[in-house]
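Pasted below: work-v9.pdb, PDB, C-alpha atoms.
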```pdb
ATOM      1  CA  MET G   1     173.079 100.277  92.140
ATOM      2  CA  SER G   2     175.762 101.811  89.963
ATOM      3  CA  GLU G   3     176.318 105.565  89.621
ATOM      4  CA  ASP G   4     175.294 105.360  85.958
ATOM      5  CA  THR G   5     171.990 103.751  86.899
ATOM      6  CA  LYS G   6     171.369 106.349  89.586
ATOM      7  CA  LYS G   7     172.058 109.155  87.154
ATOM      8  CA  SER G   8     169.731 107.543  84.644
ATOM      9  CA  GLU G   9     166.893 107.323  87.144
ATOM     10  CA  GLY G  10     167.405 110.843  88.410
ATOM     11  CA  GLY G  11     165.359 113.282  86.390
ATOM     12  CA  LYS G  12     163.879 110.499  84.293
ATOM     13  CA  ARG G  13     160.321 111.789  84.491
ATOM     14  CA  GLY G  14     161.399 115.162  83.220
ATOM     15  CA  SER G  15     162.716 113.648  79.993
ATOM     16  CA  LEU G  16     159.590 111.697  79.149
ATOM     17  CA  GLY G  17     158.029 112.678  75.871
ATOM     18  CA  ARG G  18     161.079 114.394  74.455
ATOM     19  CA  GLY G  19     161.498 110.998  72.834
ATOM     20  CA  LEU G  20     163.633 110.868  69.744
ATOM     21  CA  SER G  21     163.517 114.620  69.203
ATOM     22  CA  ALA G  22     165.975 114.956  72.072
ATOM     23  CA  LEU G  23     168.295 112.501  70.366
ATOM     24  CA  PHE G  24     167.729 113.251  66.690
ATOM     25  CA  GLY G  25     167.004 116.993  66.724
ATOM     26  CA  GLU G  26     164.005 118.789  65.264
ATOM     27  CA  ALA G  27     162.577 117.657  61.939
ATOM     28  CA  SER G  28     162.920 121.139  60.453
ATOM     29  CA  GLU G  29     166.716 121.070  60.591
ATOM     30  CA  ASP G  30     168.712 120.655  57.419
ATOM     31  CA  TYR G  31     169.531 116.968  56.945
ATOM     32  CA  THR G  32     173.213 117.632  56.178
ATOM     33  CA  SER G  33     173.838 119.523  59.411
ATOM     34  CA  LEU G  34     171.559 117.119  61.229
ATOM     35  CA  ASP G  35     173.672 114.164  60.161
ATOM     36  CA  ARG G  36     176.745 115.838  61.623
ATOM     37  CA  ALA G  37     174.907 116.526  64.881
ATOM     38  CA  ARG G  38     173.663 112.974  65.032
ATOM     39  CA  GLN G  39     177.089 111.530  64.301
ATOM     40  CA  THR G  40     175.474 108.845  62.188
ATOM     41  CA  LYS G  41     177.403 105.887  60.877
ATOM     42  CA  GLN G  42     176.690 103.133  58.401
ATOM     43  CA  ILE G  43     176.464  99.646  59.914
ATOM     44  CA  PRO G  44     175.953  96.320  58.091
ATOM     45  CA  VAL G  45     172.418  95.013  58.609
ATOM     46  CA  GLU G  46     173.728  91.710  59.954
ATOM     47  CA  PHE G  47     175.364  93.534  62.880
ATOM     48  CA  LEU G  48     171.953  94.741  64.103
ATOM     49  CA  HIS G  49     169.522  92.764  66.254
ATOM     50  CA  PRO G  50     165.910  93.440  67.343
ATOM     51  CA  GLY G  51     165.530  95.162  70.687
ATOM     52  CA  ARG G  52     164.343  93.218  73.671
ATOM     53  CA  PHE G  53     162.155  96.170  74.663
ATOM     54  CA  GLN G  54     160.233  96.412  71.395
ATOM     55  CA  PRO G  55     156.568  97.010  72.381
ATOM     56  CA  ARG G  56     155.255  95.895  68.987
ATOM     57  CA  ARG G  57     154.018  92.299  68.920
ATOM     58  CA  ARG G  58     153.102  92.162  65.232
ATOM     59  CA  PHE G  59     154.569  93.605  62.059
ATOM     60  CA  ASP G  60     152.038  94.212  59.309
ATOM     61  CA  GLU G  61     153.311  92.608  56.092
ATOM     62  CA  THR G  62     151.574  95.131  53.839
ATOM     63  CA  SER G  63     153.056  98.045  55.754
ATOM     64  CA  ILE G  64     156.541  96.491  55.623
ATOM     65  CA  ALA G  65     156.155  95.910  51.871
ATOM     66  CA  GLU G  66     155.238  99.573  51.326
ATOM     67  CA  LEU G  67     158.170 100.708  53.454
ATOM     68  CA  THR G  68     160.475  98.349  51.544
ATOM     69  CA  GLN G  69     159.478  99.966  48.255
ATOM     70  CA  SER G  70     160.158 103.403  49.719
ATOM     71  CA  VAL G  71     163.551 102.271  51.002
ATOM     72  CA  LYS G  72     164.456 100.928  47.562
ATOM     73  CA  GLU G  73     163.608 104.252  45.936
ATOM     74  CA  LYS G  74     164.858 106.752  48.515
ATOM     75  CA  GLY G  75     166.956 104.816  50.996
ATOM     76  CA  ILE G  76     166.578 105.241  54.760
ATOM     77  CA  ILE G  77     166.231 108.950  55.544
ATOM     78  CA  GLN G  78     165.945 108.711  59.332
ATOM     79  CA  PRO G  79     168.705 106.670  61.002
ATOM     80  CA  LEU G  80     167.960 103.896  63.461
ATOM     81  CA  LEU G  81     168.640 104.446  67.159
ATOM     82  CA  VAL G  82     170.819 101.655  68.560
ATOM     83  CA  ARG G  83     173.069 100.814  71.476
ATOM     84  CA  LYS G  84     175.915  98.346  71.815
ATOM     85  CA  HIS G  85     174.449  94.897  72.299
ATOM     86  CA  PRO G  86     174.773  93.881  75.973
ATOM     87  CA  ASP G  87     175.354  90.210  75.151
ATOM     88  CA  ARG G  88     177.034  90.139  71.722
ATOM     89  CA  ALA G  89     180.434  91.499  70.819
ATOM     90  CA  ASN G  90     180.627  93.821  67.805
ATOM     91  CA  ALA G  91     176.829  93.884  67.556
ATOM     92  CA  PHE G  92     174.130  96.457  68.201
ATOM     93  CA  GLU G  93     170.626  96.322  69.661
ATOM     94  CA  ILE G  94     167.857  98.297  67.912
ATOM     95  CA  ILE G  95     166.053 100.709  70.216
ATOM     96  CA  ALA G  96     164.008 102.487  67.535
ATOM     97  CA  GLY G  97     163.650 101.650  63.853
ATOM     98  CA  GLU G  98     163.112  97.905  63.639
ATOM     99  CA  ARG G  99     160.603  98.343  60.781
ATOM    100  CA  ARG G 100     163.205 100.279  58.793
ATOM    101  CA  TRP G 101     165.765  97.542  59.474
ATOM    102  CA  ARG G 102     163.352  94.849  58.289
ATOM    103  CA  ALA G 103     162.514  96.882  55.183
ATOM    104  CA  ALA G 104     166.205  97.432  54.467
ATOM    105  CA  GLN G 105     166.835  93.688  54.516
ATOM    106  CA  ALA G 106     163.813  93.015  52.314
ATOM    107  CA  GLY G 107     164.988  95.731  49.926
ATOM    108  CA  GLY G 108     168.479  94.268  49.619
ATOM    109  CA  LEU G 109     170.363  97.027  51.456
ATOM    110  CA  HIS G 110     173.667  95.922  52.959
ATOM    111  CA  GLU G 111     174.106  98.845  55.351
ATOM    112  CA  VAL G 112     171.803 101.228  57.222
ATOM    113  CA  PRO G 113     172.461 104.572  58.947
ATOM    114  CA  VAL G 114     172.381 104.450  62.736
ATOM    115  CA  VAL G 115     172.914 106.668  65.744
ATOM    116  CA  VAL G 116     174.719 104.844  68.542
ATOM    117  CA  ARG G 117     173.865 105.907  72.080
ATOM    118  CA  ASP G 118     174.985 104.664  75.481
ATOM    119  CA  LEU G 119     171.637 103.756  77.046
ATOM    120  CA  THR G 120     170.694 101.818  80.175
ATOM    121  CA  ASP G 121     167.981  99.180  80.074
ATOM    122  CA  ARG G 122     165.511 101.669  81.590
ATOM    123  CA  GLU G 123     166.298 104.305  78.984
ATOM    124  CA  ALA G 124     166.116 101.752  76.167
ATOM    125  CA  LEU G 125     162.702 100.528  77.299
ATOM    126  CA  GLU G 126     161.268 104.018  77.737
ATOM    127  CA  LEU G 127     162.559 105.344  74.416
ATOM    128  CA  SER G 128     161.339 102.288  72.533
ATOM    129  CA  ILE G 129     157.825 102.701  73.893
ATOM    130  CA  ILE G 130     157.702 106.478  73.439
ATOM    131  CA  GLU G 131     159.029 106.355  69.885
ATOM    132  CA  ASN G 132     156.378 103.898  68.774
ATOM    133  CA  VAL G 133     153.548 105.722  70.558
ATOM    134  CA  GLN G 134     154.584 109.081  69.114
ATOM    135  CA  ARG G 135     154.694 107.625  65.604
ATOM    136  CA  GLN G 136     151.287 105.947  66.117
ATOM    137  CA  ASP G 137     152.795 102.708  64.816
ATOM    138  CA  LEU G 138     151.269 100.503  67.504
ATOM    139  CA  THR G 139     147.967  98.662  67.710
ATOM    140  CA  ALA G 140     145.563  99.800  70.425
ATOM    141  CA  LEU G 141     146.587  96.935  72.713
ATOM    142  CA  GLU G 142     150.295  97.505  72.113
ATOM    143  CA  GLU G 143     149.772 101.167  72.928
ATOM    144  CA  ALA G 144     147.892 100.215  76.104
ATOM    145  CA  GLU G 145     150.673  97.845  77.139
ATOM    146  CA  GLY G 146     153.237 100.573  76.474
ATOM    147  CA  TYR G 147     151.349 103.003  78.711
ATOM    148  CA  ARG G 148     151.035 100.352  81.414
ATOM    149  CA  ARG G 149     154.774  99.701  81.405
ATOM    150  CA  LEU G 150     155.562 103.402  81.559
ATOM    151  CA  LEU G 151     153.217 103.741  84.542
ATOM    152  CA  ASP G 152     154.387 100.617  86.368
ATOM    153  CA  GLU G 153     158.097 100.546  85.568
ATOM    154  CA  PHE G 154     158.836 104.287  85.519
ATOM    155  CA  GLN G 155     156.326 105.477  88.131
ATOM    156  CA  HIS G 156     154.816 108.050  85.770
ATOM    157  CA  THR G 157     151.242 109.224  86.265
ATOM    158  CA  GLN G 158     148.543 109.407  83.624
ATOM    159  CA  GLU G 159     148.876 113.182  83.748
ATOM    160  CA  ASP G 160     152.614 112.839  82.983
ATOM    161  CA  LEU G 161     151.931 110.678  79.952
ATOM    162  CA  ALA G 162     149.128 112.876  78.644
ATOM    163  CA  ARG G 163     151.195 116.066  78.912
ATOM    164  CA  SER G 164     154.454 114.630  77.614
ATOM    165  CA  LEU G 165     153.072 112.541  74.758
ATOM    166  CA  GLY G 166     150.601 115.163  73.564
ATOM    167  CA  LYS G 167     147.613 112.919  74.311
ATOM    168  CA  SER G 168     144.503 113.759  76.298
ATOM    169  CA  ARG G 169     144.207 112.201  79.734
ATOM    170  CA  SER G 170     140.932 110.565  78.685
ATOM    171  CA  HIS G 171     142.751 108.958  75.730
ATOM    172  CA  ILE G 172     145.391 107.522  78.081
ATOM    173  CA  ALA G 173     142.740 106.278  80.532
ATOM    174  CA  ASN G 174     140.479 104.799  77.851
ATOM    175  CA  THR G 175     143.387 103.077  76.126
ATOM    176  CA  LEU G 176     144.575 101.565  79.411
ATOM    177  CA  ARG G 177     141.071 100.231  80.010
ATOM    178  CA  LEU G 178     141.490  97.945  76.985
ATOM    179  CA  MET G 179     143.823  95.811  79.106
ATOM    180  CA  ALA G 180     140.740  94.668  81.069
ATOM    181  CA  LEU G 181     139.095  93.105  78.007
ATOM    182  CA  PRO G 182     138.638  89.319  77.861
ATOM    183  CA  ASP G 183     141.329  87.497  75.872
ATOM    184  CA  GLN G 184     138.857  86.553  73.123
ATOM    185  CA  ILE G 185     138.138  90.214  72.441
ATOM    186  CA  LYS G 186     141.843  91.117  72.589
ATOM    187  CA  THR G 187     142.452  88.534  69.876
ATOM    188  CA  MET G 188     139.691  90.045  67.694
ATOM    189  CA  LEU G 189     141.246  93.470  68.248
ATOM    190  CA  ASP G 190     144.739  92.289  67.335
ATOM    191  CA  ASP G 191     143.378  90.519  64.249
ATOM    192  CA  GLY G 192     141.689  93.705  63.072
ATOM    193  CA  LYS G 193     138.156  92.315  63.395
ATOM    194  CA  LEU G 194     137.350  95.004  65.959
ATOM    195  CA  THR G 195     138.540  98.601  66.217
ATOM    196  CA  ALA G 196     139.605 100.372  69.395
ATOM    197  CA  GLY G 197     136.256 102.184  69.295
ATOM    198  CA  HIS G 198     134.404  98.880  69.284
ATOM    199  CA  ALA G 199     136.557  97.604  72.135
ATOM    200  CA  ARG G 200     135.896 100.655  74.319
ATOM    201  CA  ALA G 201     132.150 100.230  73.791
ATOM    202  CA  LEU G 202     132.411  96.566  74.821
ATOM    203  CA  LEU G 203     134.108  97.397  78.125
ATOM    204  CA  THR G 204     130.794  98.147  79.804
ATOM    205  CA  ALA G 205     128.766  95.357  78.202
ATOM    206  CA  ILE G 206     127.145  92.771  80.457
ATOM    207  CA  ASN G 207     128.340  89.954  78.179
ATOM    208  CA  PRO G 208     131.178  91.534  76.176
ATOM    209  CA  VAL G 209     132.318  88.359  74.371
ATOM    210  CA  ALA G 210     128.839  87.528  73.063
ATOM    211  CA  LEU G 211     128.324  91.125  71.989
ATOM    212  CA  ALA G 212     131.734  91.184  70.286
ATOM    213  CA  GLU G 213     130.859  88.065  68.316
ATOM    214  CA  LYS G 214     127.592  89.704  67.220
ATOM    215  CA  VAL G 215     129.445  92.883  66.209
ATOM    216  CA  VAL G 216     131.852  90.890  64.040
ATOM    217  CA  ALA G 217     129.158  88.635  62.567
ATOM    218  CA  ASP G 218     126.773  91.511  61.723
ATOM    219  CA  GLY G 219     129.459  94.028  60.772
ATOM    220  CA  LEU G 220     128.156  96.590  63.273
ATOM    221  CA  ASN G 221     129.777  99.999  63.473
ATOM    222  CA  VAL G 222     130.934 101.664  66.697
ATOM    223  CA  ARG G 223     127.720 103.638  67.234
ATOM    224  CA  GLN G 224     125.598 100.512  66.861
ATOM    225  CA  THR G 225     127.890  98.688  69.295
ATOM    226  CA  GLU G 226     127.599 101.500  71.833
ATOM    227  CA  ALA G 227     123.801 101.416  71.537
ATOM    228  CA  LEU G 228     123.662  97.656  72.138
ATOM    229  CA  ALA G 229     126.006  97.884  75.134
ATOM    230  CA  LYS G 230     123.954 100.726  76.610
ATOM    231  CA  ALA G 231     120.739  98.762  76.116
ATOM    232  CA  GLN G 232     122.276  95.833  78.012
ATOM    233  CA  ASP G 233     123.239  98.117  80.890
ATOM    234  CA  LEU G 234     119.812  99.673  81.071
ATOM    235  CA  ALA G 235     118.144  96.264  81.076
ATOM    236  CA  ALA G 236     120.379  95.047  83.906
ATOM    237  CA  ALA G 237     120.142  98.197  86.031
ATOM    238  CA  ARG G 238     116.375  98.755  85.965
ATOM    239  CA  PRO G 239     113.266  96.805  86.997
ATOM    240  CA  GLU G 240     111.745  94.640  84.289
ATOM    241  CA  SER G 241     108.907  97.062  83.623
ATOM    242  CA  VAL G 242     111.353  99.862  82.967
ATOM    243  CA  ALA G 243     114.018  97.766  81.251
ATOM    244  CA  SER G 244     111.541  96.634  78.642
ATOM    245  CA  ARG G 245     111.269 100.184  77.320
ATOM    246  CA  SER G 246     113.532 101.301  74.525
ATOM    247  CA  ALA G 247     116.702 103.166  75.512
ATOM    248  CA  ALA G 248     115.542 105.880  73.144
ATOM    249  CA  GLU G 249     112.682 106.723  75.533
ATOM    250  CA  LYS G 250     115.119 108.073  78.092
ATOM    251  CA  ASP G 251     115.235 111.857  78.411
ATOM    252  CA  ALA G 252     117.656 113.262  75.838
ATOM    253  CA  ASP G 253     119.208 115.651  78.376
ATOM    254  CA  LEU G 254     119.957 112.780  80.759
ATOM    255  CA  LEU G 255     121.497 110.735  77.971
ATOM    256  CA  SER G 256     123.686 113.692  77.037
ATOM    257  CA  LEU G 257     124.730 114.151  80.660
ATOM    258  CA  GLU G 258     125.513 110.442  80.981
ATOM    259  CA  ASP G 259     127.697 110.592  77.875
ATOM    260  CA  SER G 260     129.493 113.697  79.152
ATOM    261  CA  LEU G 261     130.230 112.166  82.559
ATOM    262  CA  SER G 262     131.292 108.855  80.977
ATOM    263  CA  GLU G 263     133.763 110.668  78.743
ATOM    264  CA  GLN G 264     135.223 112.673  81.632
ATOM    265  CA  LEU G 265     135.612 109.687  83.943
ATOM    266  CA  GLY G 266     136.497 107.125  81.299
ATOM    267  CA  LEU G 267     133.881 104.806  82.865
ATOM    268  CA  LYS G 268     130.237 103.976  82.186
ATOM    269  CA  VAL G 269     127.863 106.319  84.027
ATOM    270  CA  LEU G 270     124.078 105.837  84.398
ATOM    271  CA  ILE G 271     121.565 108.316  85.817
ATOM    272  CA  ALA G 272     118.135 107.176  87.051
ATOM    273  CA  THR G 273     115.459 109.671  88.121
ATOM    274  CA  ARG G 274     112.781 109.052  90.745
ATOM    275  CA  GLY G 275     110.471 111.991  91.261
ATOM    276  CA  LYS G 276     112.618 114.977  92.221
ATOM    277  CA  GLY G 277     115.553 112.745  93.139
ATOM    278  CA  GLY G 278     117.383 109.828  91.593
ATOM    279  CA  SER G 279     120.668 107.946  91.546
ATOM    280  CA  LEU G 280     124.036 108.204  89.809
ATOM    281  CA  THR G 281     125.757 104.875  89.050
ATOM    282  CA  ILE G 282     129.420 104.613  88.038
ATOM    283  CA  HIS G 283     130.413 101.197  86.675
ATOM    284  CA  TYR G 284     133.981  99.985  87.217
ATOM    285  CA  LYS G 285     135.637  96.647  86.520
ATOM    286  CA  SER G 286     138.729  96.796  88.742
ATOM    287  CA  LEU G 287     139.917  98.301  92.001
ATOM    288  CA  ASP G 288     142.375 100.423  90.015
ATOM    289  CA  GLN G 289     139.473 102.062  88.181
ATOM    290  CA  LEU G 290     137.631 102.651  91.468
ATOM    291  CA  ASP G 291     140.765 104.108  93.029
ATOM    292  CA  ASP G 292     141.189 106.444  90.059
ATOM    293  CA  VAL G 293     137.592 107.710  90.397
ATOM    294  CA  LEU G 294     137.936 108.267  94.146
ATOM    295  CA  ARG G 295     141.233 110.091  93.654
ATOM    296  CA  ARG G 296     139.746 112.379  91.031
ATOM    297  CA  LEU G 297     136.652 113.100  93.138
ATOM    298  CA  THR G 298     138.793 114.088  96.100
ATOM    299  CA  THR G 299     141.403 116.082  94.200
ATOM    300  CA  ASP G 300     139.449 117.694  91.355
TER     301      ASP G 300
END
```
Written as structure tokens, that's how I'd like the structure from this file.
Amino acid sequence: MSEDTKKSEGGKRGSLGRGLSALFGEASEDYTSLDRARQTKQIPVEFLHPGRFQPRRRFDETSIAELTQSVKEKGIIQPLLVRKHPDRANAFEIIAGERRWRAAQAGGLHEVPVVVRDLTDREALELSIIENVQRQDLTALEEAEGYRRLLDEFQHTQEDLARSLGKSRSHIANTLRLMALPDQIKTMLDDGKLTAGHARALLTAINPVALAEKVVADGLNVRQTEALAKAQDLAAARPESVASRSAAEKDADLLSLEDSLSEQLGLKVLIATRGKGGSLTIHYKSLDQLDDVLRRLTTD
């Protein structure tokens, strides 16, 4: 491992979340002085190439068209972040700003402002993910994949991501859970037929694909989806005589407690009472989820 790579890895976790602000400066700075600090330069659009670490899988045509119109009227205000292309001479790889580059081409611009930085592959990957997550430009699944890569490839914890990205830990955990969805539901989510709220409700469903198809066909909202998923769970967890009763018959305080525990754990929680006692059931779909619950129970 080279010295540069070692230096890059050292202290990496401490830099997470500073994102582009550490490279571009604060947004409140005057743009003239900021340009000098950034040492921006104009580079022909044909010298730029998409980054290999781009977390985005799809580019919304409507969004690009709107950005193109803005670029035509005002130009590109925020420069792209690039590095020298590792495989092409006299070329640059885009780390952050591919949408702006696409809009610039569509708008007929010949050059775009860039900031050139000497970045390792690890730094390029991390910055690309963080920049998109901070700008909320990603779909729910792209965001989940970005979090997964930051956890797996940079050994960050969910607490690291939550603190550094300004997200709640439950948001990180719930978003990561979307990776466990069946492929059919992921496709519906990517196509915009389902929202992230729908998808989270489907995670605990007994037959998530069938329920997802019903949600799409009937145009159900998130609350209705949650109610159907909960009804399925109740029917599966209880004897037939009890399961046949409406979910609404359950004590309101217990339902509230179930919802509170589910939100804190990021997993489906059911409470069943029997006389003065009862049972608490935590549903998980992977060993990683079980490990997370056990870790939190022993540390919190």
Please build the interface table for region 93-146 of chain G against region 86-89 of chain G with a cut-off of 10 Å, listing for each qualifying residue the nearest atom pair and the distance in Å to one decimal; count all atoms listed in the file, order rows by chain and increasing number, and write it as JSON lines.
```
{"residue": "G:Glu93", "atom": "CA", "partner": "G:Pro86", "partner_atom": "CA", "distance": 7.9}
{"residue": "G:Thr120", "atom": "CA", "partner": "G:Pro86", "partner_atom": "CA", "distance": 9.9}
{"residue": "G:Asp121", "atom": "CA", "partner": "G:Pro86", "partner_atom": "CA", "distance": 9.5}
```
Q. Just how far from CA of Ile64 (chain G) is CA of Ala217 (chain G), in Å to one decimal?
A.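 Value for the CA of Ala217 (chain G)-CA of Ile64 (chain G) distance: 29.3 Å.
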(Q) Take the PyMOL selection byres ((chain G and resi 81) around 6), run it mentally on this structure, and tell me the resulting residues as a ChimeraX atom specification. (A) /G:80,82,95-96,114-115
Polymer residues at most 9 Å from Lys41 (chain G), all atoms listed in the file, same-chain spacing of 2 or more positions, as an mmCIF file with C-alpha atoms, in the frame of the given file:
```cif
data_model
loop_
_atom_site.group_PDB
_atom_site.id
_atom_site.type_symbol
_atom_site.label_atom_id
_atom_site.label_comp_id
_atom_site.auth_asym_id
_atom_site.auth_seq_id
_atom_site.Cartn_x
_atom_site.Cartn_y
_atom_site.Cartn_z
ATOM 1 C CA GLN G 39 177.089 111.530 64.301
ATOM 2 C CA ILE G 43 176.464 99.646 59.914
ATOM 3 C CA PRO G 79 168.705 106.670 61.002
ATOM 4 C CA VAL G 112 171.803 101.228 57.222
ATOM 5 C CA PRO G 113 172.461 104.572 58.947
ATOM 6 C CA VAL G 114 172.381 104.450 62.736
ATOM 7 C CA VAL G 115 172.914 106.668 65.744
ATOM 8 C CA VAL G 116 174.719 104.844 68.542
#
```
**Q.** Residue neighbourhood Ile172 (chain G), 8 Å, all atoms listed in the file, exclusion window fewer than 3 positions, as number ranges by chain
**A.** G: 144, 147, 158, 161-162, 167-169, 175-176
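Between CA of Gln232 (chain G) and CA of Leu280 (chain G) the interatomic distance comes to 17.2 Å.
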Q: May I ask which of the residues G:Gly197, G:Thr187, G:Leu67, G:Lys230 is the closest one to Val209 (chain G), counting all atoms listed in the file?
A: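 Nearest to Val209 (chain G): G:Thr187.
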Q. For the point (142.8, 103.3, 82.0) in file coordinates, what residues are within 9 Å, counting all atoms listed in the file? Give the answer as a ChimeraX atom specification?
A. /G:144,148,158,170-180,266,288-289,292
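Picture a line from CA of Ile282 (chain G) to CA of Thr225 (chain G); it runs 19.7 Å.
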Q: Counting all atoms listed in the file, select every polymer residue within 10 Å of (168.7, 97.6, 68.2) as defined in the file's coordinates, and provide the selection as a list in words.
A: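 Those residues lying close to the given coordinates are Phe47, Leu48, His49, Pro50, Gly51, Arg52, Phe53, Gln54, Leu80, Leu81, Val82, Arg83, Lys84, His85, Ala91, Phe92, Glu93, Ile94, Ile95, Ala96, Gly97, Glu98, Trp101, Val114, Val116, Ala124 and Ser128 of chain G.
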Using C-alpha atoms, can you export the residues from the last selection as a PDB file, in the coordinates of the input?
```pdb
ATOM      1  CA  PHE G  47     175.364  93.534  62.880  1.00  0.00           C
ATOM      2  CA  LEU G  48     171.953  94.741  64.103  1.00  0.00           C
ATOM      3  CA  HIS G  49     169.522  92.764  66.254  1.00  0.00           C
ATOM      4  CA  PRO G  50     165.910  93.440  67.343  1.00  0.00           C
ATOM      5  CA  GLY G  51     165.530  95.162  70.687  1.00  0.00           C
ATOM      6  CA  ARG G  52     164.343  93.218  73.671  1.00  0.00           C
ATOM      7  CA  PHE G  53     162.155  96.170  74.663  1.00  0.00           C
ATOM      8  CA  GLN G  54     160.233  96.412  71.395  1.00  0.00           C
ATOM      9  CA  LEU G  80     167.960 103.896  63.461  1.00  0.00           C
ATOM     10  CA  LEU G  81     168.640 104.446  67.159  1.00  0.00           C
ATOM     11  CA  VAL G  82     170.819 101.655  68.560  1.00  0.00           C
ATOM     12  CA  ARG G  83     173.069 100.814  71.476  1.00  0.00           C
ATOM     13  CA  LYS G  84     175.915  98.346  71.815  1.00  0.00           C
ATOM     14  CA  HIS G  85     174.449  94.897  72.299  1.00  0.00           C
ATOM     15  CA  ALA G  91     176.829  93.884  67.556  1.00  0.00           C
ATOM     16  CA  PHE G  92     174.130  96.457  68.201  1.00  0.00           C
ATOM     17  CA  GLU G  93     170.626  96.322  69.661  1.00  0.00           C
ATOM     18  CA  ILE G  94     167.857  98.297  67.912  1.00  0.00           C
ATOM     19  CA  ILE G  95     166.053 100.709  70.216  1.00  0.00           C
ATOM     20  CA  ALA G  96     164.008 102.487  67.535  1.00  0.00           C
ATOM     21  CA  GLY G  97     163.650 101.650  63.853  1.00  0.00           C
ATOM     22  CA  GLU G  98     163.112  97.905  63.639  1.00  0.00           C
ATOM     23  CA  TRP G 101     165.765  97.542  59.474  1.00  0.00           C
ATOM     24  CA  VAL G 114     172.381 104.450  62.736  1.00  0.00           C
ATOM     25  CA  VAL G 116     174.719 104.844  68.542  1.00  0.00           C
ATOM     26  CA  ALA G 124     166.116 101.752  76.167  1.00  0.00           C
ATOM     27  CA  SER G 128     161.339 102.288  72.533  1.00  0.00           C
TER      28      SER G 128
END
```
Q | Picked residues, the PyMOL selection byres ((chain G and resi 219-223) around 12), as a list in words | A | Lys193, Leu194, Thr195, Ala196, Gly197, His198, Ala199, Arg200, Ala201, Leu202, Leu211, Ala212, Glu213, Lys214, Val215, Val216, Ala217, Asp218, Gln224, Thr225, Glu226, Ala227, Leu228, Ala229 and Lys230 of chain G
(Q) Given all atoms listed in the file as the basis, pick out the residue of G:Ser286, G:Leu294, G:Arg102, G:Arg122 nearest to Gln155 (chain G). (A)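 Under the stated criterion, the closest residue is G:Arg122.
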Q: Considering only C-alpha atoms, state which residue in the set G:Ile129, G:Val293, G:Lys74, G:Gln184 is at the smallest distance from Gln264 (chain G).
A: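 Under the stated criterion, the closest residue is G:Val293.
In this comparison, which uses all atoms listed in the file, the residue of G:Thr204, G:Asn90, G:Ser262, G:Thr157 approaching Pro44 (chain G) most closely is G:Asn90.
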Q: Specify as an NGL selection string each residue included when the PyMOL selection byres ((chain G and resi 109) around 12) is applied to this file.
A: :G and (42-46 or 68-69 or 71-76 or 100-108 or 110-113)
Q | Residue with smallest distance to Gly166 (chain G) - pool G:Ile130, G:Pro208, G:Glu142, G:Ser279, counting only C-alpha atoms | A | G:Ile130
